[in-house]
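*Asks:* Sending over a structure as structure tokens; questions will come in a sec.
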Amino acid sequence: MKFTLNWLKDHLQTDASLEDILAKLTLIGLEVEEVTNPAESLGTFVIAKIERAEKHPDADKLQVCTVNNGSEKLQVVCGAPNAKAGLIGVFAPVGTYVPGIDFTLTKAKIRGVESFGMMCSESELQLSEDHEGIIELDEIAAKQIGTKYVDYKGLDDPTIEIAITPNRPDCLGVRGIARDLAAAGLGTLKDEDTGLSNKGFSDNGDFKSSIAIKLDFKKQDTHICPAFWGRMIKGVKNGPSPAWLQQRLKAIGLRPINALVDITNYISYDRARPLHVYDADKLTGTVSARLGKQGEEFLALDGKEYKELDGACVIADDKNILGLGGIIGGENEGSKADTTNVLIESAYFDPIQIAMTGRKLGIISDARYRFERGIDPQSVELGVNLATKMILELCGGEASELIKTGTPPNPDMTIKFDLQLVTRLTGVTLSNKEVTQTLTALGFSVKGKDQNVTVSVPTWRPDIGGPADLVEEVIRIIGLDKVTPTPLSRPHGIARPVLTDKQKHVRRAKRALAARGALEAITWSFITQQEAKQFGGGAQELELANPISADMSDMRPSLLPGLLNAATRNIARGQTDPALMEVGQVYLNDEEGGQYNHATMIRCGTHNHHGQGRHWSGTAKPVTLFEAKADAFALLEQLGMNVENLQITTDAPDWYHPGRSGVLRLGPKNIIGTFGELHPAIITAFDMKGPIVACEINLDALPSPKASKKKKSRSKGAMQITDLQPVTRDFAFVVDSDVPASTLIKAASGADKKLITNISLFDVFEGPSLGEGKKSLAIEATLQPKTQTFTDEEIEAIADKIIAAVQKATDGEIRS
């Protein structure tokens, strides 16, 4: 929302400085985003007169001018077609920065003739897009040669831009902002101009309108446009709007068009009341607000044709669609320079209907922006009267009777309110009088003499729904800086907060993955529908009803899409081998229990024992599924899980590479996580290059640690260390090709859990000598004696157990 300081002062009587106003705006929740002042960039431009203009001796389109800037006469070479002797314009001396051409003037020779400055156009001063000629000022300016142009033109008026949250549609008008500042003690709110102060018209008008208005909705759809009012004005003289109005519209980024259009744009920003003006001579029959029909289309003011209007609220006459109600008007029936008779439209449209239509057709307009947030429904008559007054003042003409169709909604919201609730909820001590005065200044009506009162909510505040909202309003105006930070009381005997197992898992998971060399990323919980489907989601129940954008339409079923997008951006910025991790929530369905905490890590590119990327000690190798497996196991060990109890299966989800991925299970039904290389199709879909590996751990699937029945003694809990030498033995087994190595390793480890301390796979071989469908798996077993050195017989006994266990689990044979 943009406005100028002088525009604000049309509604606010204040002596406060610009700095005080800016500070107070942010303090009351209207955050200042930018302040620009034309006077700062145009301060060196002065009014000057061209006293003589002669043809350049070496250029047909240039003139050599003698310019009087009030203090001296300078020679200036000028190429403007309208440069002539006697012209009063705007002069920039040497050393001036010209914003429109992004250049600082210097003394220059142009075709051999020296030039000591520049006569400027409006485009060069960034006042408009007009660059056909230099600025020509009137006779009044001739008496002010040497005066700063910003002072003469009144351009020393800072433009303020503030951020408006969706719940404050009242502050989409300058008067709403002024009301808040006045309530905060920064001045006095001036009396409101309702448009009725003009003696040129009344509700009865000068004549009866020849144009009728009607609401043409079925009973169930009347809420879409409950009120459509208007007034006809004939005999207007349309043309450029006055300089003050054009200047204000330009300051907020709007292009002046003509007086009639500029008036409606001005009222939209001044009072948050969108309006539209039709050329009455181009209308046929009755003007109606109704739902669009299949096959209807119209040419809008933005130059685009819109179709598929069925279900949209349209404004139409007996022949044509005139516009989309509350969104955009039509090109053909809009007011032009030759318009002499007009119909003012002031209506109220349902915010949800406006938002749906605007999103469906992809139209963004100032009117839509205001209506979908909820303008004051009681401003329908105010809008007609303000527009009528300004049109009569600026364009002349005669006004008809006020045409009323429908009744504007009146929410009539009242709230039972305990005035001391402010103190109880915020800790700020305020008297009943202070609370009442603050609410009254904001436009609320407070009735009651005791502590418990009834508060009537103004119709321009659709965001107020209960006592807590009133407390927020009071403390916002009084100042959040008045709230004293106070620590919560801590129950006796508790030294620090007690975390649940899930909270501990989240904290430990972040530290564990960071220790693996990953940087933490925090990504959106919303992703595109295509990405959701690629990772097992995309169900209708997880599609957002009102997404921020089309790229954020679905709740994420996995953390991987966000991490892959983050990695893509990092790679594009030169981070060739990113390792990223995130701990957050994923969404599998909309039922209770369908939301889980996941810890996910990805590695891209290369990896060596020093981490990601190149290193002097050796060439980095492409990441593999084994890095992902190591990441998953390291994480689970940090979370207190014995990874030896896990089963690894190959039925990983579709987004993993088949044969280069695995699923971690604790029993057949409890899936702890997945790891492996991502599928090439997924990598291509994210416009990345492989390999990329990932691990995903479901923190909510981890078993809770079992409470110990009795505290172990220090001696029992100490590490058991022996001075006896371990013994290693190698075994090679021939098994079927589809037997996982993990099955063999697990069987060998369980042959004698007390004496076998480790089993590691060191060779895999497949060849014709083994037979078709066979492979050889070679393992090394580490045997650790406890009390005395093993005898040969004891070693052989353990070896027999290992062979027997492996044969039973795999149907394999010892390789000869």
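Residue names in the structure tokens use chain letters A, B, ... in the order shown, residue numbers from 1 in each chain, and ligand numbers from 1 in the order shown.
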From a backbone DSSP assignment, name each residue in stretch 200-391 of chain A labelled strand (DSSP E), as JSON, numbers by chain.

*Replies:* {"A": [213, 214, 215, 216, 227, 228, 229, 230, 231, 232, 233, 234, 276, 277, 278, 279, 287, 288, 289, 290, 291, 298, 299, 305, 306, 313, 314, 315, 316, 321, 322, 323, 324, 328, 329, 341, 342, 343, 344, 345, 346, 347, 348]}

*Asks:* Convert the current residue selection to file output with N, CA and C atoms, as a short mmCIF file (atom, residue, chain, number, x, y, z; two decimals), in the first residue's frame.

*Replies:*
```cif
data_model
loop_
_atom_site.label_atom_id
_atom_site.label_comp_id
_atom_site.auth_asym_id
_atom_site.auth_seq_id
_atom_site.Cartn_x
_atom_site.Cartn_y
_atom_site.Cartn_z
N ILE A 213 -30.88 -0.66 -12.84
CA ILE A 213 -29.92 -1.63 -12.31
C ILE A 213 -30.71 -2.74 -11.62
N LYS A 214 -30.27 -3.97 -11.79
CA LYS A 214 -30.94 -5.06 -11.09
C LYS A 214 -29.95 -6.15 -10.71
N LEU A 215 -30.33 -6.93 -9.69
CA LEU A 215 -29.58 -8.11 -9.26
C LEU A 215 -30.30 -9.33 -9.81
N ASP A 216 -29.61 -10.11 -10.62
CA ASP A 216 -30.24 -11.24 -11.30
C ASP A 216 -29.59 -12.55 -10.85
N ALA A 227 -25.63 -6.09 -2.95
CA ALA A 227 -25.98 -4.68 -3.16
C ALA A 227 -25.27 -4.15 -4.39
N PHE A 228 -26.04 -3.50 -5.28
CA PHE A 228 -25.50 -2.90 -6.50
C PHE A 228 -26.18 -1.55 -6.67
N TRP A 229 -25.46 -0.47 -6.29
CA TRP A 229 -26.01 0.87 -6.35
C TRP A 229 -25.29 1.68 -7.42
N GLY A 230 -25.90 2.76 -7.83
CA GLY A 230 -25.27 3.59 -8.85
C GLY A 230 -25.93 4.94 -8.98
N ARG A 231 -25.38 5.75 -9.87
CA ARG A 231 -25.94 7.06 -10.18
C ARG A 231 -25.48 7.45 -11.58
N MET A 232 -26.38 8.01 -12.32
CA MET A 232 -26.06 8.49 -13.66
C MET A 232 -25.74 9.98 -13.60
N ILE A 233 -24.69 10.38 -14.33
CA ILE A 233 -24.34 11.79 -14.44
C ILE A 233 -24.22 12.12 -15.92
N LYS A 234 -24.95 13.13 -16.36
CA LYS A 234 -24.92 13.49 -17.77
C LYS A 234 -24.31 14.88 -17.96
N HIS A 276 -16.47 1.75 -10.34
CA HIS A 276 -16.28 1.70 -11.79
C HIS A 276 -17.23 2.70 -12.43
N VAL A 277 -16.78 3.28 -13.55
CA VAL A 277 -17.58 4.26 -14.29
C VAL A 277 -17.76 3.75 -15.71
N TYR A 278 -19.03 3.62 -16.14
CA TYR A 278 -19.35 3.19 -17.49
C TYR A 278 -19.75 4.38 -18.35
N ASP A 279 -19.47 4.28 -19.64
CA ASP A 279 -19.99 5.25 -20.60
C ASP A 279 -21.46 4.91 -20.82
N VAL A 287 -28.76 -2.71 -16.67
CA VAL A 287 -27.45 -3.19 -16.23
C VAL A 287 -27.68 -4.16 -15.07
N SER A 288 -27.16 -5.37 -15.20
CA SER A 288 -27.42 -6.41 -14.20
C SER A 288 -26.12 -6.97 -13.64
N ALA A 289 -26.21 -7.39 -12.38
CA ALA A 289 -25.16 -8.22 -11.79
C ALA A 289 -25.71 -9.64 -11.74
N ARG A 290 -24.99 -10.58 -12.36
CA ARG A 290 -25.46 -11.96 -12.44
C ARG A 290 -24.27 -12.89 -12.60
N LEU A 291 -24.54 -14.20 -12.64
CA LEU A 291 -23.51 -15.19 -12.89
C LEU A 291 -23.29 -15.33 -14.40
N PHE A 298 -15.53 -11.54 -22.94
CA PHE A 298 -15.47 -10.08 -23.07
C PHE A 298 -14.02 -9.62 -23.11
N LEU A 299 -13.83 -8.42 -23.67
CA LEU A 299 -12.52 -7.78 -23.76
C LEU A 299 -12.36 -6.86 -22.56
N GLU A 305 -8.80 -10.92 -23.79
CA GLU A 305 -10.13 -11.50 -23.86
C GLU A 305 -10.25 -12.63 -22.85
N TYR A 306 -11.33 -12.63 -22.10
CA TYR A 306 -11.55 -13.65 -21.09
C TYR A 306 -12.78 -14.48 -21.44
N CYS A 313 -19.08 -13.79 -11.26
CA CYS A 313 -20.04 -12.69 -11.14
C CYS A 313 -19.70 -11.65 -12.21
N VAL A 314 -20.62 -11.44 -13.14
CA VAL A 314 -20.38 -10.48 -14.22
C VAL A 314 -21.37 -9.32 -14.10
N ILE A 315 -20.95 -8.18 -14.67
CA ILE A 315 -21.84 -7.04 -14.85
C ILE A 315 -22.16 -7.00 -16.34
N ALA A 316 -23.44 -6.98 -16.69
CA ALA A 316 -23.84 -7.07 -18.08
C ALA A 316 -25.06 -6.20 -18.34
N ILE A 321 -21.36 -8.31 -22.05
CA ILE A 321 -20.71 -8.37 -20.74
C ILE A 321 -19.91 -7.09 -20.57
N LEU A 322 -20.15 -6.38 -19.49
CA LEU A 322 -19.48 -5.10 -19.25
C LEU A 322 -18.23 -5.25 -18.40
N GLY A 323 -18.14 -6.33 -17.64
CA GLY A 323 -16.96 -6.51 -16.79
C GLY A 323 -17.18 -7.64 -15.80
N LEU A 324 -16.12 -7.96 -15.08
CA LEU A 324 -16.18 -8.93 -13.99
C LEU A 324 -16.37 -8.14 -12.70
N ILE A 328 -12.46 -6.43 -12.73
CA ILE A 328 -11.97 -5.62 -13.84
C ILE A 328 -13.13 -5.27 -14.75
N GLY A 329 -13.06 -4.07 -15.34
CA GLY A 329 -14.09 -3.62 -16.25
C GLY A 329 -13.78 -3.97 -17.69
N ASN A 341 -21.77 11.11 -20.83
CA ASN A 341 -22.76 10.62 -19.87
C ASN A 341 -22.22 9.34 -19.24
N VAL A 342 -22.29 9.25 -17.91
CA VAL A 342 -21.68 8.11 -17.23
C VAL A 342 -22.63 7.49 -16.22
N LEU A 343 -22.35 6.22 -15.92
CA LEU A 343 -23.04 5.51 -14.85
C LEU A 343 -21.98 5.06 -13.83
N ILE A 344 -22.13 5.51 -12.59
CA ILE A 344 -21.22 5.11 -11.52
C ILE A 344 -21.71 3.79 -10.94
N GLU A 345 -20.81 2.83 -10.79
CA GLU A 345 -21.13 1.55 -10.14
C GLU A 345 -20.45 1.49 -8.78
N SER A 346 -21.24 1.23 -7.73
CA SER A 346 -20.71 0.99 -6.39
C SER A 346 -21.46 -0.21 -5.83
N ALA A 347 -20.74 -1.31 -5.64
CA ALA A 347 -21.39 -2.56 -5.25
C ALA A 347 -20.57 -3.26 -4.16
N TYR A 348 -21.16 -4.29 -3.60
CA TYR A 348 -20.44 -5.14 -2.66
C TYR A 348 -20.44 -6.56 -3.21
#
```

*Asks:* Show which residues sit within 6 Å of stretch 362-378 of chain A, as number ranges by chain. Count only C-alpha atoms, and ignore same-chain residues fewer than 2 positions away.

*Replies:* A: 169, 274, 326-327, 351, 354-355, 358-360, 380, 408-409, 459-460

*Asks:* I need the chosen residues saved as a short mmCIF file (atom, residue, chain, number, x, y, z; two decimals), in the first residue's frame, with all heavy atoms.

*Replies:*
```cif
data_model
loop_
_atom_site.label_atom_id
_atom_site.label_comp_id
_atom_site.auth_asym_id
_atom_site.auth_seq_id
_atom_site.Cartn_x
_atom_site.Cartn_y
_atom_site.Cartn_z
N PRO A 169 -8.00 -5.08 5.71
CA PRO A 169 -8.44 -4.41 4.48
C PRO A 169 -8.77 -2.94 4.70
O PRO A 169 -8.74 -2.16 3.75
CB PRO A 169 -9.70 -5.20 4.10
CG PRO A 169 -10.18 -5.80 5.38
CD PRO A 169 -8.95 -6.11 6.16
N PRO A 274 -13.38 0.38 -4.05
CA PRO A 274 -13.31 0.29 -5.52
C PRO A 274 -14.64 0.70 -6.16
O PRO A 274 -15.72 0.39 -5.65
CB PRO A 274 -13.02 -1.20 -5.76
CG PRO A 274 -12.47 -1.71 -4.46
CD PRO A 274 -13.15 -0.91 -3.39
N GLY A 326 -16.23 -6.51 -9.37
CA GLY A 326 -15.23 -6.43 -8.31
C GLY A 326 -13.82 -6.80 -8.74
O GLY A 326 -12.93 -6.88 -7.90
N ILE A 327 -13.60 -7.03 -10.05
CA ILE A 327 -12.27 -7.45 -10.50
C ILE A 327 -11.74 -6.52 -11.59
O ILE A 327 -10.71 -5.88 -11.43
CB ILE A 327 -12.29 -8.91 -11.00
CG1 ILE A 327 -12.66 -9.84 -9.84
CG2 ILE A 327 -10.93 -9.30 -11.57
CD1 ILE A 327 -12.74 -11.30 -10.22
N PRO A 351 -16.19 -11.82 -0.93
CA PRO A 351 -14.73 -11.99 -1.03
C PRO A 351 -14.31 -13.34 -1.58
O PRO A 351 -13.37 -13.42 -2.39
CB PRO A 351 -14.26 -11.81 0.42
CG PRO A 351 -15.31 -10.99 1.08
CD PRO A 351 -16.59 -11.40 0.44
N ILE A 354 -14.90 -13.50 -5.34
CA ILE A 354 -13.91 -12.68 -6.03
C ILE A 354 -12.59 -13.43 -6.13
O ILE A 354 -11.95 -13.47 -7.19
CB ILE A 354 -13.71 -11.34 -5.30
CG1 ILE A 354 -14.98 -10.48 -5.41
CG2 ILE A 354 -12.50 -10.59 -5.84
CD1 ILE A 354 -15.26 -9.97 -6.79
N ALA A 355 -12.15 -14.02 -5.02
CA ALA A 355 -10.87 -14.73 -5.01
C ALA A 355 -10.89 -15.91 -5.98
O ALA A 355 -9.92 -16.15 -6.71
CB ALA A 355 -10.55 -15.20 -3.59
N GLY A 358 -10.90 -14.55 -9.64
CA GLY A 358 -9.60 -13.97 -9.97
C GLY A 358 -8.53 -15.02 -10.17
O GLY A 358 -7.70 -14.93 -11.09
N ARG A 359 -8.54 -16.05 -9.32
CA ARG A 359 -7.54 -17.11 -9.44
C ARG A 359 -7.81 -17.96 -10.69
O ARG A 359 -6.88 -18.36 -11.39
CB ARG A 359 -7.56 -17.99 -8.19
CG ARG A 359 -6.44 -19.01 -8.15
CD ARG A 359 -6.44 -19.83 -6.88
NE ARG A 359 -6.20 -18.99 -5.72
CZ ARG A 359 -7.10 -18.79 -4.76
NH1 ARG A 359 -8.28 -19.36 -4.82
NH2 ARG A 359 -6.82 -18.03 -3.74
N LYS A 360 -9.06 -18.23 -10.97
CA LYS A 360 -9.42 -19.05 -12.14
C LYS A 360 -8.98 -18.38 -13.43
O LYS A 360 -8.44 -19.05 -14.33
CB LYS A 360 -10.94 -19.28 -12.14
CG LYS A 360 -11.45 -20.01 -13.39
CD LYS A 360 -12.96 -20.11 -13.36
CE LYS A 360 -13.51 -20.73 -14.65
NZ LYS A 360 -15.00 -20.78 -14.64
N VAL A 380 -20.93 1.27 0.35
CA VAL A 380 -21.54 1.30 -0.98
C VAL A 380 -22.06 2.71 -1.29
O VAL A 380 -21.75 3.29 -2.33
CB VAL A 380 -22.67 0.26 -1.10
CG1 VAL A 380 -23.40 0.41 -2.42
CG2 VAL A 380 -22.09 -1.14 -0.97
N PRO A 408 -26.83 -3.42 1.35
CA PRO A 408 -25.46 -3.77 1.78
C PRO A 408 -25.50 -4.56 3.09
O PRO A 408 -26.29 -4.24 3.99
CB PRO A 408 -24.78 -2.42 1.97
CG PRO A 408 -25.59 -1.46 1.16
CD PRO A 408 -27.00 -1.95 1.23
N PRO A 409 -24.69 -5.60 3.22
CA PRO A 409 -24.66 -6.38 4.47
C PRO A 409 -24.25 -5.51 5.65
O PRO A 409 -23.42 -4.62 5.52
CB PRO A 409 -23.61 -7.46 4.19
CG PRO A 409 -23.48 -7.52 2.70
CD PRO A 409 -23.76 -6.14 2.21
N THR A 459 -17.98 -1.80 10.82
CA THR A 459 -18.17 -2.67 9.66
C THR A 459 -16.91 -2.80 8.81
O THR A 459 -16.82 -3.72 7.98
CB THR A 459 -19.31 -2.14 8.79
OG1 THR A 459 -19.05 -0.76 8.47
CG2 THR A 459 -20.63 -2.24 9.54
N TRP A 460 -15.95 -1.91 9.01
CA TRP A 460 -14.72 -2.00 8.20
C TRP A 460 -13.67 -2.92 8.83
O TRP A 460 -12.57 -3.03 8.33
CB TRP A 460 -14.13 -0.60 7.98
CG TRP A 460 -13.76 0.13 9.24
CD1 TRP A 460 -12.65 -0.06 10.02
CD2 TRP A 460 -14.49 1.18 9.87
NE1 TRP A 460 -12.64 0.79 11.10
CE2 TRP A 460 -13.77 1.57 11.02
CE3 TRP A 460 -15.70 1.83 9.57
CZ2 TRP A 460 -14.21 2.59 11.87
CZ3 TRP A 460 -16.12 2.85 10.42
CH2 TRP A 460 -15.38 3.21 11.55
#
```

*Asks:* Near A:Phe633, counting only C-alpha atoms, which residues have an atom at most 10 Å away, once you skip same-chain residues fewer than 3 positions from it, shown as a list in words?

*Replies:*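 Answer for this query is Glu627, Ala628, Lys629, Ala630, Leu636, Glu637, Gln638, Leu639, Met641, Asn642, Val643, Glu644, Leu646, Leu664, Phe675, Cys695 and Ile697 of chain A.
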
*Asks:* Under the rule that only C-alpha atoms are counted, which of A:Leu564, A:Val76, A:Leu249, A:Leu666 is the nearest residue to A:Ile682?

*Replies:*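 Once distances to A:Ile682 are computed over only C-alpha atoms, the minimum belongs to A:Leu564.
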
*Asks:* Using only C-alpha atoms, which residues sit within 10 Å of A:Lys153 once same-chain residues fewer than 4 positions away are excluded, as a PyMOL selection string?

*Replies:* chain A and resi 141+148-149+243-244+247

*Asks:* Give me the residues near A:Ala732 as a PyMOL selection string, where near means some atom within 8 Å (using only C-alpha atoms) and where sequence neighbours in that chain fewer than 2 positions away do not count.

*Replies:* chain A and resi 730+734+776-779+814-815
